[in-house]
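So this one's protein15.cif, mmCIF, C-alpha atoms:
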data_input
#
loop_
_atom_site.label_atom_id
_atom_site.label_comp_id
_atom_site.auth_asym_id
_atom_site.auth_seq_id
_atom_site.Cartn_x
_atom_site.Cartn_y
_atom_site.Cartn_z
CA MET A 1 -42.17 83.73 89.90
CA SER A 2 -42.49 87.28 88.59
CA GLU A 3 -45.69 87.95 90.53
CA ALA A 4 -44.25 86.29 93.63
CA LEU A 5 -41.28 88.66 93.46
CA LEU A 6 -43.59 91.66 93.24
CA GLU A 7 -45.62 90.41 96.19
CA HIS A 8 -42.42 89.94 98.21
CA ALA A 9 -41.19 93.43 97.32
CA THR A 10 -44.57 95.02 98.10
CA HIS A 11 -44.66 93.39 101.54
CA THR A 12 -41.07 94.43 102.21
CA ILE A 13 -41.69 98.13 101.62
CA ALA A 14 -45.05 98.09 103.42
CA VAL A 15 -43.37 96.84 106.59
CA GLY A 16 -39.90 98.32 106.21
CA SER A 17 -40.73 101.89 105.19
CA LYS A 18 -44.23 103.19 105.65
CA SER A 19 -43.05 106.68 104.66
CA PHE A 20 -41.72 105.64 101.27
CA ALA A 21 -44.43 103.03 100.69
CA ALA A 22 -47.07 105.77 100.60
CA ALA A 23 -45.18 107.74 97.97
CA ALA A 24 -44.34 104.64 95.91
CA ARG A 25 -48.01 104.07 95.10
CA LEU A 26 -47.89 107.16 92.89
CA PHE A 27 -45.41 105.77 90.36
CA ALA A 28 -46.59 104.42 87.01
CA PRO A 29 -47.03 100.63 87.34
CA GLU A 30 -43.83 99.59 85.55
CA VAL A 31 -41.71 102.15 87.41
CA ARG A 32 -43.34 101.23 90.70
CA ARG A 33 -42.48 97.57 90.17
CA SER A 34 -38.82 98.40 89.58
CA VAL A 35 -38.69 100.77 92.54
CA LEU A 36 -40.14 98.11 94.84
CA MET A 37 -37.69 95.51 93.52
CA LEU A 38 -34.74 97.77 94.23
CA TYR A 39 -36.05 98.67 97.68
CA ALA A 40 -36.43 94.96 98.54
CA TRP A 41 -32.75 94.38 97.77
CA CYS A 42 -31.58 97.42 99.74
CA ARG A 43 -33.70 96.36 102.73
CA HIS A 44 -32.45 92.78 102.53
CA CYS A 45 -28.79 93.84 102.48
CA ASP A 46 -29.31 96.12 105.47
CA ASP A 47 -31.12 93.36 107.37
CA VAL A 48 -28.44 90.76 106.67
CA VAL A 49 -25.62 92.97 107.90
CA ASP A 50 -27.51 94.18 110.99
CA GLY A 51 -29.13 90.87 111.93
CA GLN A 52 -32.59 92.36 111.74
CA GLU A 53 -35.88 91.76 109.96
CA LEU A 54 -37.38 94.45 107.72
CA GLY A 55 -35.54 97.16 109.63
CA PHE A 56 -36.55 96.08 113.14
CA THR A 57 -34.89 94.45 116.17
CA ALA A 58 -31.34 95.13 115.05
CA VAL A 59 -28.65 93.28 116.94
CA THR A 60 -24.92 93.83 116.90
CA GLN A 61 -23.31 90.84 115.21
CA ASP A 62 -19.71 89.99 115.99
CA ALA A 63 -17.27 91.45 113.50
CA GLY A 64 -16.48 88.13 111.88
CA ALA A 65 -20.11 87.18 111.27
CA ALA A 66 -20.95 90.63 109.89
CA ALA A 67 -17.93 90.56 107.57
CA ASP A 68 -18.91 87.11 106.31
CA ALA A 69 -22.48 88.30 105.71
CA LEU A 70 -21.22 91.30 103.74
CA ALA A 71 -18.92 89.10 101.65
CA ARG A 72 -21.91 86.90 100.76
CA LEU A 73 -23.90 89.96 99.69
CA GLU A 74 -21.05 91.13 97.48
CA ALA A 75 -20.72 87.69 95.89
CA GLN A 76 -24.48 87.45 95.28
CA THR A 77 -24.49 90.91 93.72
CA ARG A 78 -21.75 89.89 91.29
CA GLN A 79 -23.71 86.73 90.47
CA ALA A 80 -26.87 88.78 89.85
CA TYR A 81 -25.06 90.99 87.36
CA ALA A 82 -23.58 87.90 85.69
CA GLY A 83 -27.10 86.62 85.05
CA GLU A 84 -26.84 83.57 87.31
CA ALA A 85 -30.00 82.06 88.81
CA MET A 86 -30.91 83.78 92.09
CA ARG A 87 -32.63 81.77 94.83
CA GLU A 88 -32.96 84.59 97.35
CA PRO A 89 -36.10 86.62 96.41
CA ALA A 90 -34.45 89.96 97.14
CA PHE A 91 -31.59 89.14 94.79
CA ALA A 92 -33.92 87.78 92.12
CA ALA A 93 -35.79 91.08 92.35
CA PHE A 94 -32.55 93.07 92.18
CA GLN A 95 -31.33 91.08 89.19
CA GLU A 96 -34.54 91.83 87.31
CA VAL A 97 -34.39 95.58 87.84
CA ALA A 98 -30.61 95.95 87.60
CA LEU A 99 -30.35 94.22 84.25
CA ARG A 100 -33.53 95.65 82.73
CA CYS A 101 -32.84 99.24 83.80
CA ALA A 102 -29.05 99.04 83.33
CA ILE A 103 -28.21 100.10 86.89
CA ALA A 104 -24.46 100.63 87.04
CA PRO A 105 -22.74 97.88 89.04
CA GLN A 106 -20.62 100.59 90.70
CA HIS A 107 -23.77 102.02 92.26
CA ALA A 108 -24.69 98.67 93.79
CA PHE A 109 -21.21 98.12 95.17
CA ASP A 110 -21.04 101.70 96.45
CA HIS A 111 -24.21 100.91 98.41
CA LEU A 112 -22.67 97.77 99.89
CA ALA A 113 -19.63 99.87 100.84
CA GLY A 114 -21.91 101.78 103.21
CA PHE A 115 -22.72 98.58 105.07
CA ALA A 116 -18.99 97.84 105.14
CA MET A 117 -18.53 101.10 107.04
CA ASP A 118 -20.91 99.74 109.69
CA VAL A 119 -19.15 96.37 109.76
CA ARG A 120 -15.78 97.94 110.43
CA GLU A 121 -17.34 100.38 112.93
CA ALA A 122 -16.18 103.46 111.08
CA ARG A 123 -16.00 106.70 113.07
CA TYR A 124 -17.23 110.00 111.68
CA GLU A 125 -14.99 112.83 112.76
CA THR A 126 -16.40 115.60 110.58
CA LEU A 127 -19.65 116.45 108.82
CA ASP A 128 -17.99 115.45 105.54
CA ASP A 129 -17.45 111.98 106.99
CA THR A 130 -21.14 111.76 107.87
CA LEU A 131 -22.06 112.97 104.38
CA ARG A 132 -19.81 110.33 102.82
CA TYR A 133 -21.59 107.62 104.80
CA SER A 134 -24.94 109.13 103.81
CA TYR A 135 -23.92 108.92 100.16
CA HIS A 136 -23.17 105.22 100.42
CA VAL A 137 -26.29 104.15 102.30
CA ALA A 138 -28.80 106.53 100.70
CA GLY A 139 -27.37 108.94 98.13
CA VAL A 140 -26.40 106.13 95.79
CA VAL A 141 -29.88 104.64 96.23
CA GLY A 142 -31.15 107.94 94.84
CA LEU A 143 -28.88 107.41 91.82
CA MET A 144 -30.29 103.93 91.25
CA MET A 145 -33.88 105.10 91.69
CA ALA A 146 -33.33 107.95 89.24
CA THR A 147 -31.89 105.50 86.72
CA ILE A 148 -35.08 103.44 87.00
CA MET A 149 -37.08 106.59 86.22
CA GLY A 150 -35.07 107.19 83.07
CA ALA A 151 -32.67 109.87 84.32
CA LYS A 152 -29.27 109.76 82.61
CA GLU A 153 -27.83 113.26 82.76
CA PRO A 154 -25.11 113.50 85.44
CA ALA A 155 -26.53 116.80 86.66
CA VAL A 156 -29.94 115.22 87.24
CA LEU A 157 -28.32 112.28 89.02
CA ASP A 158 -26.54 114.76 91.29
CA ARG A 159 -29.93 116.06 92.41
CA ALA A 160 -31.18 112.53 93.04
CA CYS A 161 -28.10 111.85 95.13
CA ASP A 162 -28.76 115.04 97.09
CA LEU A 163 -32.24 113.81 97.99
CA GLY A 164 -30.87 110.51 99.25
CA ILE A 165 -28.34 112.35 101.40
CA ALA A 166 -31.09 114.59 102.80
CA PHE A 167 -33.19 111.53 103.65
CA GLN A 168 -30.26 109.94 105.47
CA LEU A 169 -29.42 113.04 107.49
CA THR A 170 -33.07 113.09 108.58
CA ASN A 171 -32.92 109.40 109.49
CA ILE A 172 -29.75 109.91 111.52
CA ALA A 173 -31.34 112.75 113.50
CA ARG A 174 -34.47 110.69 114.18
CA ASP A 175 -32.56 107.53 115.18
CA ILE A 176 -29.66 108.93 117.24
CA VAL A 177 -30.67 107.17 120.45
CA ASP A 178 -31.72 103.89 118.80
CA ASP A 179 -28.39 103.78 116.96
CA ALA A 180 -26.46 104.57 120.13
CA GLN A 181 -28.11 101.66 121.91
CA ILE A 182 -26.53 99.24 119.42
CA GLY A 183 -23.18 101.01 119.59
CA ARG A 184 -23.42 103.22 116.51
CA CYS A 185 -23.06 106.95 116.09
CA TYR A 186 -23.20 108.86 112.83
CA LEU A 187 -23.00 112.36 114.30
CA PRO A 188 -19.66 114.08 113.69
CA ALA A 189 -17.33 113.49 116.64
CA GLN A 190 -16.36 117.17 116.44
CA TRP A 191 -19.95 118.11 117.23
CA LEU A 192 -20.09 115.74 120.18
CA ARG A 193 -16.93 117.20 121.69
CA GLU A 194 -18.25 120.73 121.25
CA ALA A 195 -21.48 119.72 123.00
CA GLY A 196 -19.65 117.92 125.81
CA ILE A 197 -21.28 114.55 125.09
CA PRO A 198 -19.03 111.47 125.36
CA GLN A 199 -20.00 109.12 122.53
CA GLU A 200 -20.44 106.22 124.93
CA GLU A 201 -23.03 108.28 126.85
CA LEU A 202 -25.03 109.36 123.80
CA ALA A 203 -28.17 107.45 124.78
CA LEU A 204 -28.27 108.69 128.39
CA PRO A 205 -31.27 110.90 129.25
CA ARG A 206 -29.12 113.56 130.92
CA HIS A 207 -27.70 114.55 127.52
CA ARG A 208 -31.05 114.95 125.77
CA ALA A 209 -31.11 118.77 125.76
CA ALA A 210 -27.65 118.97 124.22
CA LEU A 211 -28.49 116.11 121.87
CA ALA A 212 -31.59 117.97 120.69
CA ARG A 213 -29.40 120.89 119.60
CA LEU A 214 -27.18 118.54 117.60
CA ALA A 215 -30.21 116.88 116.00
CA ALA A 216 -31.56 120.31 115.04
CA ARG A 217 -28.19 121.18 113.57
CA LEU A 218 -28.22 118.02 111.47
CA VAL A 219 -31.78 118.67 110.29
CA GLU A 220 -30.67 122.15 109.22
CA GLN A 221 -27.74 120.62 107.32
CA ALA A 222 -30.24 118.55 105.34
CA GLU A 223 -32.14 121.59 104.10
CA PRO A 224 -29.86 122.65 101.21
CA TYR A 225 -29.87 119.05 99.95
CA TYR A 226 -33.67 118.97 100.01
CA ALA A 227 -33.70 122.30 98.16
CA SER A 228 -31.24 121.04 95.55
CA ALA A 229 -33.25 117.87 94.99
CA THR A 230 -36.39 119.88 94.21
CA VAL A 231 -34.74 121.25 91.08
CA GLY A 232 -34.34 117.73 89.70
CA LEU A 233 -38.10 117.09 89.62
CA ALA A 234 -38.41 118.79 86.24
CA ALA A 235 -36.35 116.06 84.59
CA LEU A 236 -38.63 113.22 85.75
CA PRO A 237 -41.90 111.98 84.21
CA LEU A 238 -44.84 113.63 85.95
CA ARG A 239 -45.96 110.62 88.00
CA SER A 240 -42.41 109.91 89.08
CA ALA A 241 -41.96 113.56 89.99
CA TRP A 242 -45.15 113.39 92.08
CA ALA A 243 -43.95 110.28 93.94
CA ILE A 244 -40.51 111.74 94.61
CA ALA A 245 -41.90 115.12 95.63
CA THR A 246 -44.23 113.38 98.09
CA ALA A 247 -41.39 111.33 99.59
CA HIS A 248 -39.38 114.56 99.81
CA ARG A 249 -42.21 116.24 101.73
CA VAL A 250 -42.76 113.28 104.07
CA TYR A 251 -39.12 112.80 105.05
CA ARG A 252 -38.52 116.52 105.42
CA GLN A 253 -41.54 116.70 107.73
CA ILE A 254 -39.97 114.01 109.92
CA GLY A 255 -36.91 116.22 110.34
CA ILE A 256 -39.07 119.22 111.14
CA GLU A 257 -40.84 117.19 113.82
CA VAL A 258 -37.57 115.95 115.33
CA LYS A 259 -36.42 119.55 115.61
CA ALA A 260 -39.74 120.70 117.05
CA ARG A 261 -39.81 118.01 119.77
CA GLY A 262 -36.44 119.01 121.13
CA ALA A 263 -35.29 116.86 124.04
CA THR A 264 -38.39 114.62 123.76
CA ALA A 265 -37.66 113.64 120.13
CA TRP A 266 -36.56 110.14 121.15
CA ASP A 267 -39.31 109.35 123.66
CA LYS A 268 -41.37 107.94 120.78
CA ARG A 269 -40.32 107.25 117.20
CA VAL A 270 -41.08 110.26 115.02
CA GLY A 271 -43.31 109.64 112.02
CA THR A 272 -46.17 111.19 110.10
CA SER A 273 -49.86 110.39 110.53
CA ARG A 274 -52.04 109.17 107.66
CA ALA A 275 -53.76 112.56 107.49
CA THR A 276 -50.40 114.33 107.33
CA LYS A 277 -49.21 111.98 104.58
CA LEU A 278 -52.35 112.73 102.58
CA TRP A 279 -51.78 116.47 102.92
CA LEU A 280 -48.13 116.08 101.92
CA LEU A 281 -49.17 113.93 98.97
CA CYS A 282 -51.32 116.83 97.74
CA ARG A 283 -48.46 119.27 98.22
CA GLY A 284 -46.14 116.88 96.40
CA GLY A 285 -48.55 116.90 93.46
CA PHE A 286 -48.38 120.68 93.38
CA ASP A 287 -44.56 120.54 93.48
CA ALA A 288 -44.54 118.09 90.56
CA LEU A 289 -46.85 120.27 88.49
CA ALA A 290 -44.90 123.42 89.33
CA SER A 291 -41.71 121.74 88.13
CA ARG A 292 -43.22 121.52 84.63
CA PHE A 293 -43.22 125.30 84.42
CA ARG A 294 -39.74 125.98 85.74
CA LYS A 295 -38.05 127.82 82.89
CA THR A 296 -34.71 128.88 84.31
CA ALA A 297 -31.95 126.47 85.25
CA THR A 298 -30.60 126.64 88.78
CA LEU A 299 -26.96 126.01 89.55
CA ARG A 300 -26.28 123.32 92.08
CA PRO A 301 -24.56 125.05 95.02
CA ALA A 302 -20.83 124.38 94.93
CA ALA A 303 -20.73 124.04 98.73
CA LEU A 304 -22.80 120.85 98.69
CA TRP A 305 -20.99 117.56 99.14
CA GLN A 306 -20.17 116.07 95.73
CA ARG A 307 -20.58 112.39 94.95
CA PRO A 308 -17.35 110.61 94.01
CA VAL A 309 -15.94 110.17 90.54
CA HIS A 310 -15.39 106.60 89.39
CA ALA A 311 -13.06 105.55 86.63
CA ALA A 312 -15.93 103.79 84.89
CA GLY A 313 -18.23 106.80 84.84
CA ARG A 314 -18.54 110.57 84.83
CA HIS A 315 -20.63 113.01 86.80
CA ALA A 316 -21.29 116.70 86.70
CA ALA A 317 -19.09 119.34 88.22
CA PRO A 318 -20.45 120.86 91.44
CA ALA A 319 -21.93 123.92 89.73
CA THR A 320 -23.68 122.12 86.86
CA ALA A 321 -27.05 123.64 85.94
CA VAL A 322 -30.19 121.52 85.87
#
structure tokens encoding of this file:
Amino acid sequence: MSEALLEHATHTIAVGSKSFAAAARLFAPEVRRSVLMLYAWCRHCDDVVDGQELGFTAVTQDAGAAADALARLEAQTRQAYAGEAMREPAFAAFQEVALRCAIAPQHAFDHLAGFAMDVREARYETLDDTLRYSYHVAGVVGLMMATIMGAKEPAVLDRACDLGIAFQLTNIARDIVDDAQIGRCYLPAQWLREAGIPQEELALPRHRAALARLAARLVEQAEPYYASATVGLAALPLRSAWAIATAHRVYRQIGIEVKARGATAWDKRVGTSRATKLWLLCRGGFDALASRFRKTATLRPAALWQRPVHAAGRHAAPATAV
């Protein structure tokens, strides 16, 4: 069963996220196993809510069906933490990693809350609203991943959360048109009004030039979060730091490419070639090694969005040094 779970998780990441799959190979074996198990659960939850398979062919489910699907995910998550037998492979995988690595239940339920925002068709009026969504669907995944790698200090977890947020802002910029075609928009409504783009017309070709400027703006908003995340590498084991630094480089490169393509960014899905991934893997290795020699702590910029405080846990103040 254990090996079957690993095989399932390995297939899930290979199909669902080629960008992260490349970086995940760099983890030490035990950490890699846990990372893959967590990814399999995250992917499964996303697929169930969106009616898709491994991130593809998403369809808009009716509100009732989506709400029921989310309720089942929440119930299964509670059962996993309670130690009940899990039949669904993704939940069996999650149970293994969550209990062994002591992933806080609040993190898991915060992640599901992001899918709830999709179910209730939340609107994002300001950049802060978009950042809050990004926290739930990706920033909190950074927290769980960092926990797997042994990170415990709240200030280090803040940096991991920042990387997840940066990844999500990049994803939003890359997928604006695909999301719009299934009735979703994560760009701030304020930005759309300023650009003169009605939300219901977001996918129309005549708005591509204006849309490119908004995508570039979002990519630029991700930059300080990428920069903040770099500081957290020093707190991770070297192989974990290498894997995370490589993922950092790969996702950031996607944003750079979206910005560079301008109005043609959505003609073909933006990604990175195998040769580019190899080059970024080498640069990630340099980043990981360089982090070993960083001697001075850097304050996390107070202007960055701060993850929420929960009654059951504490986190660092916005200007905590790492």
Compile a residue-level contact table for segment 200-316 of chain A against segment 159-178 of chain A at a cut-off of 6 Å, reporting for every qualifying residue the shortest atom pair and its distance in Å to one decimal, with only C-alpha atoms counted, rows ordered by chain and ascending number, as JSON lines.
{"residue": "A:Ala203", "atom": "CA", "partner": "A:Val177", "partner_atom": "CA", "distance": 5.0}
{"residue": "A:Ala215", "atom": "CA", "partner": "A:Ala173", "partner_atom": "CA", "distance": 5.0}
{"residue": "A:Val219", "atom": "CA", "partner": "A:Thr170", "partner_atom": "CA", "distance": 6.0}
{"residue": "A:Ala222", "atom": "CA", "partner": "A:Ala166", "partner_atom": "CA", "distance": 4.8}
{"residue": "A:Tyr225", "atom": "CA", "partner": "A:Asp162", "partner_atom": "CA", "distance": 5.0}
{"residue": "A:Tyr226", "atom": "CA", "partner": "A:Leu163", "partner_atom": "CA", "distance": 5.7}
{"residue": "A:Ala229", "atom": "CA", "partner": "A:Arg159", "partner_atom": "CA", "distance": 4.6}
{"residue": "A:Gly232", "atom": "CA", "partner": "A:Arg159", "partner_atom": "CA", "distance": 5.4}
{"residue": "A:Gly255", "atom": "CA", "partner": "A:Thr170", "partner_atom": "CA", "distance": 5.3}
Run the PyMOL selection byres ((chain A and resi 191) around 10) on the file and write out the hits as a PyMOL selection string. chain A and resi 125-127+187-190+192-197+211+214+217
Nearest to Gln106 of chain A among A:Arg249, A:Arg239, A:Pro308, A:Ala209, with distances taken over all atoms listed in the file: which residue is it?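 The closest residue to Gln106 of chain A is A:Pro308.
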note - atom CA of Val119 of chain A and atom CA of Ala138 of chain A are separated by 16.7 Å
Once the PyMOL selection byres ((chain A and resi 254) around 8) has been applied to the shown file, what residues remain in the selection, as a PyMOL selection string? chain A and resi 170+174+250-253+255-258+270-272
I need segment 247-287 of chain A written out with N, CA and C atoms, as a PDB file, in the first residue's frame; please produce it.
ATOM      1  N   ALA A 247      12.463  25.534  -7.907  1.00  0.00           N
ATOM      2  CA  ALA A 247      11.050  25.829  -8.162  1.00  0.00           C
ATOM      3  C   ALA A 247      10.824  27.335  -8.233  1.00  0.00           C
ATOM      4  N   HIS A 248      11.472  28.055  -7.347  1.00  0.00           N
ATOM      5  CA  HIS A 248      11.421  29.533  -7.331  1.00  0.00           C
ATOM      6  C   HIS A 248      11.846  30.090  -8.679  1.00  0.00           C
ATOM      7  N   ARG A 249      12.974  29.605  -9.180  1.00  0.00           N
ATOM      8  CA  ARG A 249      13.498  30.082 -10.469  1.00  0.00           C
ATOM      9  C   ARG A 249      12.552  29.737 -11.621  1.00  0.00           C
ATOM     10  N   VAL A 250      12.016  28.519 -11.605  1.00  0.00           N
ATOM     11  CA  VAL A 250      11.159  28.067 -12.714  1.00  0.00           C
ATOM     12  C   VAL A 250       9.867  28.869 -12.770  1.00  0.00           C
ATOM     13  N   TYR A 251       9.206  29.021 -11.630  1.00  0.00           N
ATOM     14  CA  TYR A 251       7.936  29.759 -11.625  1.00  0.00           C
ATOM     15  C   TYR A 251       8.162  31.235 -11.940  1.00  0.00           C
ATOM     16  N   ARG A 252       9.213  31.793 -11.390  1.00  0.00           N
ATOM     17  CA  ARG A 252       9.490  33.209 -11.671  1.00  0.00           C
ATOM     18  C   ARG A 252       9.738  33.405 -13.159  1.00  0.00           C
ATOM     19  N   GLN A 253      10.408  32.446 -13.797  1.00  0.00           N
ATOM     20  CA  GLN A 253      10.678  32.542 -15.223  1.00  0.00           C
ATOM     21  C   GLN A 253       9.384  32.526 -16.032  1.00  0.00           C
ATOM     22  N   ILE A 254       8.392  31.773 -15.557  1.00  0.00           N
ATOM     23  CA  ILE A 254       7.092  31.761 -16.235  1.00  0.00           C
ATOM     24  C   ILE A 254       6.491  33.159 -16.231  1.00  0.00           C
ATOM     25  N   GLY A 255       6.563  33.827 -15.077  1.00  0.00           N
ATOM     26  CA  GLY A 255       6.052  35.195 -15.000  1.00  0.00           C
ATOM     27  C   GLY A 255       6.801  36.143 -15.919  1.00  0.00           C
ATOM     28  N   ILE A 256       8.104  35.992 -15.971  1.00  0.00           N
ATOM     29  CA  ILE A 256       8.923  36.828 -16.853  1.00  0.00           C
ATOM     30  C   ILE A 256       8.501  36.626 -18.311  1.00  0.00           C
ATOM     31  N   GLU A 257       8.213  35.379 -18.667  1.00  0.00           N
ATOM     32  CA  GLU A 257       7.811  35.073 -20.049  1.00  0.00           C
ATOM     33  C   GLU A 257       6.428  35.632 -20.354  1.00  0.00           C
ATOM     34  N   VAL A 258       5.510  35.531 -19.396  1.00  0.00           N
ATOM     35  CA  VAL A 258       4.180  36.114 -19.590  1.00  0.00           C
ATOM     36  C   VAL A 258       4.314  37.604 -19.874  1.00  0.00           C
ATOM     37  N   LYS A 259       5.122  38.272 -19.093  1.00  0.00           N
ATOM     38  CA  LYS A 259       5.325  39.711 -19.267  1.00  0.00           C
ATOM     39  C   LYS A 259       5.964  40.017 -20.614  1.00  0.00           C
ATOM     40  N   ALA A 260       6.931  39.202 -21.006  1.00  0.00           N
ATOM     41  CA  ALA A 260       7.653  39.445 -22.257  1.00  0.00           C
ATOM     42  C   ALA A 260       6.755  39.232 -23.480  1.00  0.00           C
ATOM     43  N   ARG A 261       5.828  38.298 -23.420  1.00  0.00           N
ATOM     44  CA  ARG A 261       4.974  38.002 -24.573  1.00  0.00           C
ATOM     45  C   ARG A 261       3.897  39.052 -24.802  1.00  0.00           C
ATOM     46  N   GLY A 262       3.602  39.830 -23.802  1.00  0.00           N
ATOM     47  CA  GLY A 262       2.616  40.882 -23.970  1.00  0.00           C
ATOM     48  C   GLY A 262       1.257  40.338 -24.360  1.00  0.00           C
ATOM     49  N   ALA A 263       0.670  40.908 -25.393  1.00  0.00           N
ATOM     50  CA  ALA A 263      -0.689  40.537 -25.807  1.00  0.00           C
ATOM     51  C   ALA A 263      -0.791  39.116 -26.351  1.00  0.00           C
ATOM     52  N   THR A 264       0.332  38.473 -26.653  1.00  0.00           N
ATOM     53  CA  THR A 264       0.302  37.097 -27.174  1.00  0.00           C
ATOM     54  C   THR A 264       0.496  36.053 -26.063  1.00  0.00           C
ATOM     55  N   ALA A 265       0.511  36.490 -24.802  1.00  0.00           N
ATOM     56  CA  ALA A 265       0.817  35.587 -23.695  1.00  0.00           C
ATOM     57  C   ALA A 265      -0.158  34.429 -23.562  1.00  0.00           C
ATOM     58  N   TRP A 266      -1.375  34.592 -24.112  1.00  0.00           N
ATOM     59  CA  TRP A 266      -2.398  33.556 -23.940  1.00  0.00           C
ATOM     60  C   TRP A 266      -2.711  32.817 -25.235  1.00  0.00           C
ATOM     61  N   ASP A 267      -1.872  33.051 -26.267  1.00  0.00           N
ATOM     62  CA  ASP A 267      -2.045  32.299 -27.508  1.00  0.00           C
ATOM     63  C   ASP A 267      -1.646  30.837 -27.313  1.00  0.00           C
ATOM     64  N   LYS A 268      -0.670  30.622 -26.439  1.00  0.00           N
ATOM     65  CA  LYS A 268      -0.168  29.283 -26.126  1.00  0.00           C
ATOM     66  C   LYS A 268       0.259  29.298 -24.675  1.00  0.00           C
ATOM     67  N   ARG A 269      -0.027  28.229 -23.961  1.00  0.00           N
ATOM     68  CA  ARG A 269       0.278  28.184 -22.529  1.00  0.00           C
ATOM     69  C   ARG A 269       1.765  28.397 -22.284  1.00  0.00           C
ATOM     70  N   VAL A 270       2.084  29.313 -21.413  1.00  0.00           N
ATOM     71  CA  VAL A 270       3.479  29.636 -21.110  1.00  0.00           C
ATOM     72  C   VAL A 270       4.077  28.569 -20.203  1.00  0.00           C
ATOM     73  N   GLY A 271       5.254  28.110 -20.554  1.00  0.00           N
ATOM     74  CA  GLY A 271       5.980  27.143 -19.727  1.00  0.00           C
ATOM     75  C   GLY A 271       7.463  27.329 -19.923  1.00  0.00           C
ATOM     76  N   THR A 272       8.246  26.386 -19.432  1.00  0.00           N
ATOM     77  CA  THR A 272       9.694  26.445 -19.615  1.00  0.00           C
ATOM     78  C   THR A 272      10.153  25.156 -20.290  1.00  0.00           C
ATOM     79  N   SER A 273      11.089  25.268 -21.193  1.00  0.00           N
ATOM     80  CA  SER A 273      11.604  24.099 -21.904  1.00  0.00           C
ATOM     81  C   SER A 273      12.485  23.267 -20.970  1.00  0.00           C
ATOM     82  N   ARG A 274      12.788  22.051 -21.401  1.00  0.00           N
ATOM     83  CA  ARG A 274      13.662  21.183 -20.602  1.00  0.00           C
ATOM     84  C   ARG A 274      15.039  21.819 -20.424  1.00  0.00           C
ATOM     85  N   ALA A 275      15.554  22.424 -21.499  1.00  0.00           N
ATOM     86  CA  ALA A 275      16.872  23.061 -21.404  1.00  0.00           C
ATOM     87  C   ALA A 275      16.847  24.228 -20.417  1.00  0.00           C
ATOM     88  N   THR A 276      15.759  25.002 -20.448  1.00  0.00           N
ATOM     89  CA  THR A 276      15.640  26.119 -19.519  1.00  0.00           C
ATOM     90  C   THR A 276      15.544  25.616 -18.087  1.00  0.00           C
ATOM     91  N   LYS A 277      14.771  24.541 -17.870  1.00  0.00           N
ATOM     92  CA  LYS A 277      14.661  23.971 -16.528  1.00  0.00           C
ATOM     93  C   LYS A 277      16.021  23.509 -16.019  1.00  0.00           C
ATOM     94  N   LEU A 278      16.810  22.912 -16.893  1.00  0.00           N
ATOM     95  CA  LEU A 278      18.139  22.456 -16.489  1.00  0.00           C
ATOM     96  C   LEU A 278      19.018  23.631 -16.075  1.00  0.00           C
ATOM     97  N   TRP A 279      18.971  24.710 -16.850  1.00  0.00           N
ATOM     98  CA  TRP A 279      19.738  25.897 -16.522  1.00  0.00           C
ATOM     99  C   TRP A 279      19.274  26.496 -15.198  1.00  0.00           C
ATOM    100  N   LEU A 280      17.971  26.533 -14.983  1.00  0.00           N
ATOM    101  CA  LEU A 280      17.428  27.086 -13.745  1.00  0.00           C
ATOM    102  C   LEU A 280      17.732  26.180 -12.556  1.00  0.00           C
ATOM    103  N   LEU A 281      17.803  24.881 -12.800  1.00  0.00           N
ATOM    104  CA  LEU A 281      18.208  23.946 -11.755  1.00  0.00           C
ATOM    105  C   LEU A 281      19.633  24.256 -11.282  1.00  0.00           C
ATOM    106  N   CYS A 282      20.510  24.539 -12.231  1.00  0.00           N
ATOM    107  CA  CYS A 282      21.892  24.902 -11.877  1.00  0.00           C
ATOM    108  C   CYS A 282      21.929  26.213 -11.088  1.00  0.00           C
ATOM    109  N   ARG A 283      21.151  27.178 -11.529  1.00  0.00           N
ATOM    110  CA  ARG A 283      21.105  28.454 -10.816  1.00  0.00           C
ATOM    111  C   ARG A 283      20.491  28.286  -9.431  1.00  0.00           C
ATOM    112  N   GLY A 284      19.503  27.380  -9.319  1.00  0.00           N
ATOM    113  CA  GLY A 284      18.925  27.101  -8.015  1.00  0.00           C
ATOM    114  C   GLY A 284      19.946  26.498  -7.071  1.00  0.00           C
ATOM    115  N   GLY A 285      20.813  25.636  -7.603  1.00  0.00           N
ATOM    116  CA  GLY A 285      21.882  25.069  -6.786  1.00  0.00           C
ATOM    117  C   GLY A 285      22.814  26.150  -6.263  1.00  0.00           C
ATOM    118  N   PHE A 286      23.129  27.104  -7.112  1.00  0.00           N
ATOM    119  CA  PHE A 286      23.970  28.223  -6.668  1.00  0.00           C
ATOM    120  C   PHE A 286      23.267  29.026  -5.581  1.00  0.00           C
ATOM    121  N   ASP A 287      21.963  29.270  -5.762  1.00  0.00           N
ATOM    122  CA  ASP A 287      21.199  30.018  -4.749  1.00  0.00           C
ATOM    123  C   ASP A 287      21.224  29.288  -3.412  1.00  0.00           C
TER     124      ASP A 287
END
